[in-house]
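Reproduced below: run-v4.txt, with compact mmCIF, N, CA, C and O atoms.
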```txt
# COMPACT_ATOMS: atom_id res chain seq x y z
N MET R 1 6.54 20.83 -12.22
CA MET R 1 6.39 19.55 -11.58
C MET R 1 6.51 18.46 -12.65
O MET R 1 5.86 18.50 -13.67
N ALA R 2 7.34 17.49 -12.39
CA ALA R 2 7.53 16.38 -13.32
C ALA R 2 6.45 15.34 -13.09
O ALA R 2 6.05 15.08 -11.96
N PHE R 3 6.00 14.76 -14.16
CA PHE R 3 5.00 13.71 -14.06
C PHE R 3 5.71 12.36 -14.04
O PHE R 3 6.57 12.08 -14.86
N MET R 4 5.33 11.54 -13.08
CA MET R 4 5.92 10.21 -12.95
C MET R 4 4.95 9.20 -13.55
O MET R 4 3.75 9.33 -13.41
N ARG R 5 5.50 8.22 -14.19
CA ARG R 5 4.68 7.13 -14.72
C ARG R 5 4.92 5.92 -13.84
O ARG R 5 6.05 5.48 -13.67
N TYR R 6 3.86 5.39 -13.30
CA TYR R 6 3.96 4.25 -12.41
C TYR R 6 3.42 3.01 -13.09
O TYR R 6 2.50 3.08 -13.89
N ARG R 7 3.99 1.88 -12.71
CA ARG R 7 3.46 0.62 -13.20
C ARG R 7 2.12 0.38 -12.55
O ARG R 7 1.92 0.63 -11.37
N ALA R 8 1.20 -0.15 -13.32
CA ALA R 8 -0.13 -0.48 -12.79
C ALA R 8 -0.03 -1.73 -11.94
O ALA R 8 0.87 -2.56 -12.11
N LEU R 9 -0.95 -1.86 -11.03
CA LEU R 9 -1.03 -3.06 -10.21
C LEU R 9 -1.46 -4.20 -11.12
O LEU R 9 -2.47 -4.09 -11.82
N PRO R 10 -0.70 -5.30 -11.15
CA PRO R 10 -1.08 -6.43 -12.03
C PRO R 10 -2.48 -6.95 -11.68
O PRO R 10 -2.88 -6.95 -10.53
N GLN R 11 -3.18 -7.38 -12.70
CA GLN R 11 -4.54 -7.91 -12.52
C GLN R 11 -4.48 -9.35 -12.04
O GLN R 11 -3.53 -10.06 -12.29
N GLY R 12 -5.54 -9.78 -11.40
CA GLY R 12 -5.61 -11.16 -10.91
C GLY R 12 -4.91 -11.29 -9.58
O GLY R 12 -4.73 -10.32 -8.85
N GLU R 13 -4.49 -12.50 -9.27
CA GLU R 13 -3.79 -12.74 -8.02
C GLU R 13 -2.35 -12.25 -8.11
O GLU R 13 -1.70 -12.41 -9.13
N LEU R 14 -1.88 -11.68 -7.03
CA LEU R 14 -0.52 -11.17 -6.95
C LEU R 14 0.27 -11.98 -5.96
O LEU R 14 -0.28 -12.47 -4.98
N THR R 15 1.56 -12.05 -6.17
CA THR R 15 2.42 -12.60 -5.13
C THR R 15 2.78 -11.45 -4.20
O THR R 15 2.62 -10.27 -4.52
N VAL R 16 3.27 -11.80 -3.04
CA VAL R 16 3.70 -10.80 -2.08
C VAL R 16 4.79 -9.93 -2.68
O VAL R 16 4.81 -8.72 -2.50
N GLU R 17 5.69 -10.56 -3.43
CA GLU R 17 6.80 -9.82 -4.04
C GLU R 17 6.30 -8.81 -5.08
O GLU R 17 6.82 -7.71 -5.18
N GLU R 18 5.30 -9.19 -5.87
CA GLU R 18 4.74 -8.27 -6.86
C GLU R 18 4.07 -7.08 -6.18
O GLU R 18 4.23 -5.94 -6.61
N PHE R 19 3.33 -7.35 -5.12
CA PHE R 19 2.67 -6.26 -4.39
C PHE R 19 3.70 -5.33 -3.76
O PHE R 19 3.59 -4.12 -3.82
N ARG R 20 4.73 -5.92 -3.17
CA ARG R 20 5.79 -5.12 -2.54
C ARG R 20 6.52 -4.27 -3.58
O ARG R 20 6.81 -3.10 -3.34
N ALA R 21 6.82 -4.84 -4.75
CA ALA R 21 7.50 -4.09 -5.81
C ALA R 21 6.63 -2.96 -6.33
O ALA R 21 7.11 -1.85 -6.58
N TRP R 22 5.33 -3.22 -6.47
CA TRP R 22 4.42 -2.17 -6.93
C TRP R 22 4.36 -1.05 -5.90
O TRP R 22 4.44 0.12 -6.25
N LEU R 23 4.27 -1.41 -4.63
CA LEU R 23 4.17 -0.41 -3.58
C LEU R 23 5.47 0.39 -3.43
O LEU R 23 5.44 1.60 -3.16
N ALA R 24 6.61 -0.26 -3.64
CA ALA R 24 7.91 0.39 -3.47
C ALA R 24 8.11 1.56 -4.43
O ALA R 24 8.84 2.51 -4.11
N GLN R 25 7.47 1.53 -5.58
CA GLN R 25 7.65 2.63 -6.52
C GLN R 25 7.03 3.93 -6.02
O GLN R 25 7.33 5.01 -6.52
N PHE R 26 6.20 3.87 -4.99
CA PHE R 26 5.58 5.06 -4.42
C PHE R 26 6.34 5.58 -3.20
O PHE R 26 5.92 6.55 -2.59
N ASP R 27 7.44 4.94 -2.84
CA ASP R 27 8.28 5.39 -1.73
C ASP R 27 9.09 6.58 -2.23
O ASP R 27 10.22 6.44 -2.68
N ALA R 28 8.51 7.76 -2.13
CA ALA R 28 9.08 8.97 -2.75
C ALA R 28 10.45 9.33 -2.20
O ALA R 28 11.33 9.75 -2.96
N ASP R 29 10.66 9.19 -0.90
CA ASP R 29 11.94 9.58 -0.32
C ASP R 29 12.92 8.42 -0.19
O ASP R 29 14.01 8.58 0.35
N ARG R 30 12.54 7.26 -0.70
CA ARG R 30 13.40 6.06 -0.74
C ARG R 30 13.99 5.70 0.62
O ARG R 30 15.13 5.29 0.72
N ASP R 31 13.18 5.84 1.66
CA ASP R 31 13.65 5.49 3.00
C ASP R 31 13.22 4.08 3.42
O ASP R 31 13.48 3.66 4.54
N GLY R 32 12.54 3.36 2.51
CA GLY R 32 12.09 2.01 2.82
C GLY R 32 10.84 1.97 3.67
O GLY R 32 10.45 0.93 4.19
N ARG R 33 10.21 3.10 3.83
CA ARG R 33 9.02 3.25 4.69
C ARG R 33 7.92 3.88 3.86
O ARG R 33 8.17 4.84 3.14
N ILE R 34 6.71 3.36 3.96
CA ILE R 34 5.57 3.92 3.24
C ILE R 34 4.77 4.78 4.20
O ILE R 34 4.23 4.28 5.19
N SER R 35 4.72 6.06 3.93
CA SER R 35 3.95 6.99 4.77
C SER R 35 2.49 7.01 4.31
O SER R 35 2.14 6.45 3.27
N ARG R 36 1.65 7.68 5.07
CA ARG R 36 0.25 7.80 4.69
C ARG R 36 0.12 8.51 3.36
O ARG R 36 -0.68 8.12 2.51
N GLU R 37 0.91 9.55 3.14
CA GLU R 37 0.85 10.30 1.88
C GLU R 37 1.28 9.44 0.70
O GLU R 37 0.69 9.52 -0.38
N GLU R 38 2.31 8.62 0.90
CA GLU R 38 2.77 7.74 -0.18
C GLU R 38 1.74 6.66 -0.48
O GLU R 38 1.50 6.33 -1.65
N LEU R 39 1.12 6.12 0.56
CA LEU R 39 0.07 5.13 0.35
C LEU R 39 -1.14 5.77 -0.34
O LEU R 39 -1.75 5.17 -1.22
N GLN R 40 -1.45 6.99 0.02
CA GLN R 40 -2.54 7.71 -0.63
C GLN R 40 -2.25 7.88 -2.11
O GLN R 40 -3.13 7.68 -2.96
N HIS R 41 -1.03 8.22 -2.45
CA HIS R 41 -0.64 8.37 -3.85
C HIS R 41 -0.80 7.04 -4.60
O HIS R 41 -1.28 7.01 -5.74
N ALA R 42 -0.40 5.94 -3.95
CA ALA R 42 -0.53 4.62 -4.57
C ALA R 42 -2.00 4.29 -4.82
O ALA R 42 -2.36 3.79 -5.89
N LEU R 43 -2.86 4.58 -3.85
CA LEU R 43 -4.28 4.29 -4.00
C LEU R 43 -4.92 5.17 -5.07
O LEU R 43 -5.78 4.72 -5.82
N ARG R 44 -4.48 6.42 -5.17
CA ARG R 44 -5.00 7.29 -6.22
C ARG R 44 -4.62 6.78 -7.60
O ARG R 44 -5.38 6.96 -8.56
N SER R 45 -3.46 6.15 -7.72
CA SER R 45 -3.06 5.60 -9.03
C SER R 45 -3.99 4.48 -9.47
O SER R 45 -4.06 4.16 -10.65
N LEU R 46 -4.70 3.88 -8.51
CA LEU R 46 -5.67 2.82 -8.81
C LEU R 46 -7.08 3.36 -8.96
O LEU R 46 -8.03 2.59 -9.11
N ASN R 47 -7.23 4.68 -8.87
CA ASN R 47 -8.53 5.34 -8.94
C ASN R 47 -9.47 4.88 -7.83
O ASN R 47 -10.67 4.70 -8.04
N VAL R 48 -8.90 4.69 -6.65
CA VAL R 48 -9.69 4.29 -5.48
C VAL R 48 -10.40 5.52 -4.93
O VAL R 48 -9.80 6.57 -4.76
N TRP R 49 -11.68 5.38 -4.66
CA TRP R 49 -12.44 6.48 -4.07
C TRP R 49 -12.01 6.67 -2.63
O TRP R 49 -11.72 5.71 -1.92
N PHE R 50 -12.01 7.91 -2.19
CA PHE R 50 -11.63 8.27 -0.81
C PHE R 50 -10.24 7.71 -0.46
O PHE R 50 -10.05 7.12 0.60
N ALA R 51 -9.29 7.92 -1.36
CA ALA R 51 -7.94 7.38 -1.18
C ALA R 51 -7.30 7.89 0.11
O ALA R 51 -6.60 7.15 0.80
N TRP R 52 -7.54 9.15 0.46
CA TRP R 52 -6.94 9.70 1.68
C TRP R 52 -7.46 8.97 2.91
O TRP R 52 -6.72 8.69 3.85
N TRP R 53 -8.73 8.63 2.90
CA TRP R 53 -9.34 7.94 4.03
C TRP R 53 -8.82 6.51 4.14
O TRP R 53 -8.45 6.04 5.22
N LYS R 54 -8.79 5.82 3.01
CA LYS R 54 -8.31 4.44 3.01
C LYS R 54 -6.82 4.37 3.33
O LYS R 54 -6.37 3.42 3.97
N ALA R 55 -6.05 5.36 2.89
CA ALA R 55 -4.62 5.40 3.22
C ALA R 55 -4.45 5.61 4.72
O ALA R 55 -3.60 4.96 5.35
N ARG R 56 -5.24 6.47 5.29
CA ARG R 56 -5.19 6.70 6.74
C ARG R 56 -5.51 5.42 7.48
O ARG R 56 -4.80 5.01 8.41
N ASP R 57 -6.58 4.75 7.08
CA ASP R 57 -6.98 3.50 7.73
C ASP R 57 -5.93 2.40 7.52
O ASP R 57 -5.68 1.60 8.43
N GLY R 58 -5.34 2.35 6.34
CA GLY R 58 -4.32 1.34 6.06
C GLY R 58 -3.08 1.51 6.92
O GLY R 58 -2.55 0.55 7.46
N VAL R 59 -2.64 2.74 7.08
CA VAL R 59 -1.47 3.00 7.93
C VAL R 59 -1.82 2.73 9.39
O VAL R 59 -1.02 2.14 10.12
N ARG R 60 -3.00 3.13 9.81
CA ARG R 60 -3.41 2.84 11.19
C ARG R 60 -3.44 1.34 11.46
O ARG R 60 -3.05 0.89 12.53
N ALA R 61 -3.92 0.57 10.51
CA ALA R 61 -4.02 -0.88 10.69
C ALA R 61 -2.65 -1.55 10.67
O ALA R 61 -2.43 -2.54 11.37
N ALA R 62 -1.72 -1.02 9.90
CA ALA R 62 -0.43 -1.67 9.72
C ALA R 62 0.67 -1.15 10.64
O ALA R 62 1.61 -1.87 10.94
N ASP R 63 0.56 0.05 11.12
CA ASP R 63 1.63 0.72 11.86
C ASP R 63 1.64 0.27 13.32
O ASP R 63 1.03 0.89 14.18
N ALA R 64 2.36 -0.80 13.61
CA ALA R 64 2.38 -1.38 14.96
C ALA R 64 3.10 -0.48 15.96
O ALA R 64 2.69 -0.40 17.12
N ASN R 65 4.15 0.21 15.54
CA ASN R 65 4.90 1.04 16.48
C ASN R 65 4.47 2.51 16.49
O ASN R 65 5.09 3.33 17.16
N ARG R 66 3.44 2.83 15.73
CA ARG R 66 2.84 4.17 15.69
C ARG R 66 3.84 5.28 15.35
O ARG R 66 3.80 6.36 15.93
N ASP R 67 4.71 5.00 14.37
CA ASP R 67 5.65 6.03 13.93
C ASP R 67 5.16 6.77 12.69
O ASP R 67 5.86 7.60 12.13
N GLY R 68 3.95 6.44 12.22
CA GLY R 68 3.37 7.16 11.10
C GLY R 68 3.64 6.55 9.74
O GLY R 68 3.31 7.16 8.72
N GLY R 69 4.24 5.39 9.71
CA GLY R 69 4.53 4.75 8.43
C GLY R 69 4.58 3.25 8.55
O GLY R 69 4.50 2.69 9.64
N VAL R 70 4.71 2.61 7.40
CA VAL R 70 4.75 1.15 7.33
C VAL R 70 6.15 0.74 6.91
O VAL R 70 6.61 1.09 5.83
N GLN R 71 6.82 0.02 7.80
CA GLN R 71 8.16 -0.51 7.50
C GLN R 71 8.38 -1.76 8.31
O GLN R 71 7.74 -1.96 9.34
N GLY R 72 9.22 -2.62 7.83
CA GLY R 72 9.49 -3.87 8.52
C GLY R 72 8.52 -4.96 8.09
O GLY R 72 7.43 -4.69 7.60
N GLU R 73 8.95 -6.18 8.29
CA GLU R 73 8.18 -7.33 7.82
C GLU R 73 6.80 -7.43 8.48
O GLU R 73 5.82 -7.73 7.82
N ASP R 74 6.73 -7.20 9.77
CA ASP R 74 5.47 -7.32 10.49
C ASP R 74 4.45 -6.29 9.99
O ASP R 74 3.29 -6.62 9.73
N GLU R 75 4.87 -5.05 9.85
CA GLU R 75 3.96 -4.00 9.40
C GLU R 75 3.56 -4.19 7.95
O GLU R 75 2.41 -3.92 7.58
N VAL R 76 4.48 -4.65 7.12
CA VAL R 76 4.15 -4.90 5.71
C VAL R 76 3.13 -6.04 5.62
O VAL R 76 2.18 -5.97 4.84
N ALA R 77 3.29 -7.06 6.45
CA ALA R 77 2.31 -8.16 6.47
C ALA R 77 0.94 -7.64 6.88
O ALA R 77 -0.09 -8.07 6.34
N ARG R 78 0.89 -6.71 7.82
CA ARG R 78 -0.39 -6.11 8.23
C ARG R 78 -1.01 -5.31 7.09
O ARG R 78 -2.23 -5.30 6.91
N LEU R 79 -0.17 -4.61 6.32
CA LEU R 79 -0.68 -3.85 5.18
C LEU R 79 -1.22 -4.79 4.11
O LEU R 79 -2.24 -4.49 3.48
N PHE R 80 -0.57 -5.94 3.90
CA PHE R 80 -1.09 -6.93 2.96
C PHE R 80 -2.48 -7.39 3.38
O PHE R 80 -3.38 -7.50 2.57
N ALA R 81 -2.62 -7.68 4.66
CA ALA R 81 -3.92 -8.13 5.19
C ALA R 81 -4.98 -7.05 4.99
O ALA R 81 -6.12 -7.34 4.62
N PHE R 82 -4.61 -5.79 5.23
CA PHE R 82 -5.55 -4.68 5.02
C PHE R 82 -5.96 -4.59 3.56
O PHE R 82 -7.14 -4.41 3.25
N ALA R 83 -5.00 -4.72 2.65
CA ALA R 83 -5.29 -4.63 1.21
C ALA R 83 -6.23 -5.75 0.78
O ALA R 83 -7.13 -5.53 -0.03
N GLN R 84 -6.05 -6.92 1.33
CA GLN R 84 -6.93 -8.03 0.97
C GLN R 84 -8.35 -7.81 1.49
O GLN R 84 -9.31 -8.06 0.78
N ARG R 85 -8.47 -7.36 2.71
CA ARG R 85 -9.79 -7.19 3.32
C ARG R 85 -10.54 -5.98 2.79
O ARG R 85 -11.73 -6.06 2.49
N HIS R 86 -9.86 -4.85 2.67
CA HIS R 86 -10.56 -3.59 2.41
C HIS R 86 -10.42 -3.07 0.98
O HIS R 86 -11.23 -2.26 0.54
N LEU R 87 -9.39 -3.49 0.28
CA LEU R 87 -9.18 -3.01 -1.09
C LEU R 87 -9.45 -4.11 -2.11
O LEU R 87 -9.31 -3.89 -3.30
N HIS R 88 -9.78 -5.29 -1.64
CA HIS R 88 -10.12 -6.43 -2.49
C HIS R 88 -9.00 -6.80 -3.44
O HIS R 88 -9.23 -7.16 -4.59
N VAL R 89 -7.77 -6.69 -2.95
CA VAL R 89 -6.60 -7.12 -3.69
C VAL R 89 -6.37 -8.58 -3.35
O VAL R 89 -6.41 -8.96 -2.19
N LYS R 90 -6.16 -9.40 -4.36
CA LYS R 90 -5.94 -10.83 -4.13
C LYS R 90 -4.44 -11.09 -4.13
O LYS R 90 -3.79 -10.96 -5.17
N ILE R 91 -3.92 -11.46 -2.96
CA ILE R 91 -2.50 -11.71 -2.81
C ILE R 91 -2.32 -13.18 -2.48
O ILE R 91 -2.92 -13.71 -1.56
N THR R 92 -1.48 -13.84 -3.27
CA THR R 92 -1.19 -15.25 -3.06
C THR R 92 -0.40 -15.39 -1.76
O THR R 92 0.55 -14.66 -1.54
N GLN R 93 -0.80 -16.30 -0.94
CA GLN R 93 -0.12 -16.51 0.33
C GLN R 93 1.10 -17.39 0.10
O GLN R 93 1.00 -18.59 -0.02
N LEU R 94 2.28 -16.78 0.07
CA LEU R 94 3.52 -17.51 -0.07
C LEU R 94 4.37 -17.27 1.17
O LEU R 94 4.28 -16.23 1.80
N GLY R 95 5.19 -18.22 1.50
CA GLY R 95 6.07 -18.07 2.64
C GLY R 95 5.28 -18.00 3.92
O GLY R 95 4.36 -18.78 4.14
N TYR R 96 5.62 -17.05 4.77
CA TYR R 96 4.95 -16.96 6.07
C TYR R 96 3.88 -15.91 6.09
O TYR R 96 3.35 -15.59 7.13
N TYR R 97 3.51 -15.33 4.96
CA TYR R 97 2.45 -14.32 4.93
C TYR R 97 1.12 -14.98 4.82
O TYR R 97 0.68 -15.61 4.04
```
When written as structure tokens, how does the structure in this file appear?
Amino acid sequence: MAFMRYRALPQGELTVEEFRAWLAQFDADRDGRISREELQHALRSLNVWFAWWKARDGVRAADANRDGGVQGEDEVARLFAFAQRHLHVKITQLGYY
């Protein structure tokens, strides 16, 4: 198994683009969709406790069409809101987010 090195989440306030770029590196199958497993991997990289639980809750909160993943502008915006409320990530509100 190859070990991947991921960029850390920048400290302080993030822009939407920085958060999206950080999250995109965990899209293992490069389909433009973040699955629960990929979100769990991202949360584990931050040493978040109960990453599997928070990933499950994050996908549930963001997945409007219930296809099991986060894709599209609306669902990504919901994931941003979840990260701000439950993961205490500070995201600068730019554009329509």
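If you look at atom O of R:Asn65 and atom N of R:Glu38, they are 17.3 Å away from each other.
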What's around R:Ala51 at 8 Å? Count only C-alpha atoms, leave out sequence neighbours fewer than 5 positions away in its own chain, and write the answer as a PyMOL selection string. chain R and resi 40-41+43-44
Excluding stretch 11-28 of chain R and any residue of its chain fewer than 2 positions from it, enumerate the residues within 6 Å of it, using only C-alpha atoms, and give them as a compact mmCIF listing (two decimals) with N, CA, C and O atoms, keeping the file's coordinate frame.
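Below is the file that was written, result_11.txt:
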```txt
# COMPACT_ATOMS: atom_id res chain seq x y z
N ARG R 30 12.54 7.26 -0.70
CA ARG R 30 13.40 6.06 -0.74
C ARG R 30 13.99 5.70 0.62
O ARG R 30 15.13 5.29 0.72
N ILE R 34 6.71 3.36 3.96
CA ILE R 34 5.57 3.92 3.24
C ILE R 34 4.77 4.78 4.20
O ILE R 34 4.23 4.28 5.19
N GLU R 38 2.31 8.62 0.90
CA GLU R 38 2.77 7.74 -0.18
C GLU R 38 1.74 6.66 -0.48
O GLU R 38 1.50 6.33 -1.65
N LYS R 90 -6.16 -9.40 -4.36
CA LYS R 90 -5.94 -10.83 -4.13
C LYS R 90 -4.44 -11.09 -4.13
O LYS R 90 -3.79 -10.96 -5.17
N ILE R 91 -3.92 -11.46 -2.96
CA ILE R 91 -2.50 -11.71 -2.81
C ILE R 91 -2.32 -13.18 -2.48
O ILE R 91 -2.92 -13.71 -1.56
N THR R 92 -1.48 -13.84 -3.27
CA THR R 92 -1.19 -15.25 -3.06
C THR R 92 -0.40 -15.39 -1.76
O THR R 92 0.55 -14.66 -1.54
```
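Taking atom N of R:Val70 and atom C of R:Ser35 as endpoints, the distance between them is 5.8 Å.
Atom CA of R:Trp52 is positioned 6.5 Å from atom O of R:Arg36.
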In the coordinates of the file, take the point (-4.0, 1.7, 3.8) and a cut-off of 8 Å; then, counting only N, CA, C and O atoms, name each qualifying protein, DNA or RNA residue as a ChimeraX atom specification. /R:35-36,39-40,51-62,78-79,82-83
Looking only at the backbone, which of the residues in chain R does DSSP tag as alpha helix (DSSP H), as a PyMOL selection string? chain R and resi 16-24+36-45+51-62+73-86
Quick one: 3 Å padding each side, axis-aligned, all listed atoms of stretch 34-47 of chain R - centre and edge lengths in Å to one decimal, as AutoDock Vina command-line options?
```
--center_x -2.0 --center_y 6.4 --center_z -2.7 --size_x 23.4 --size_y 13.7 --size_z 21.8
```
For this session: Just the strand (DSSP E or B) stuff from chain R, please, per backbone DSSP, written as an NGL selection string.
Result: :R and (14 or 34-35 or 69-70 or 91)
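If you measure from each of R:Gly72, R:Asp29, R:Leu87, R:Ala64 to R:Asn47 using only C-alpha atoms, the closest one turns out to be R:Leu87.
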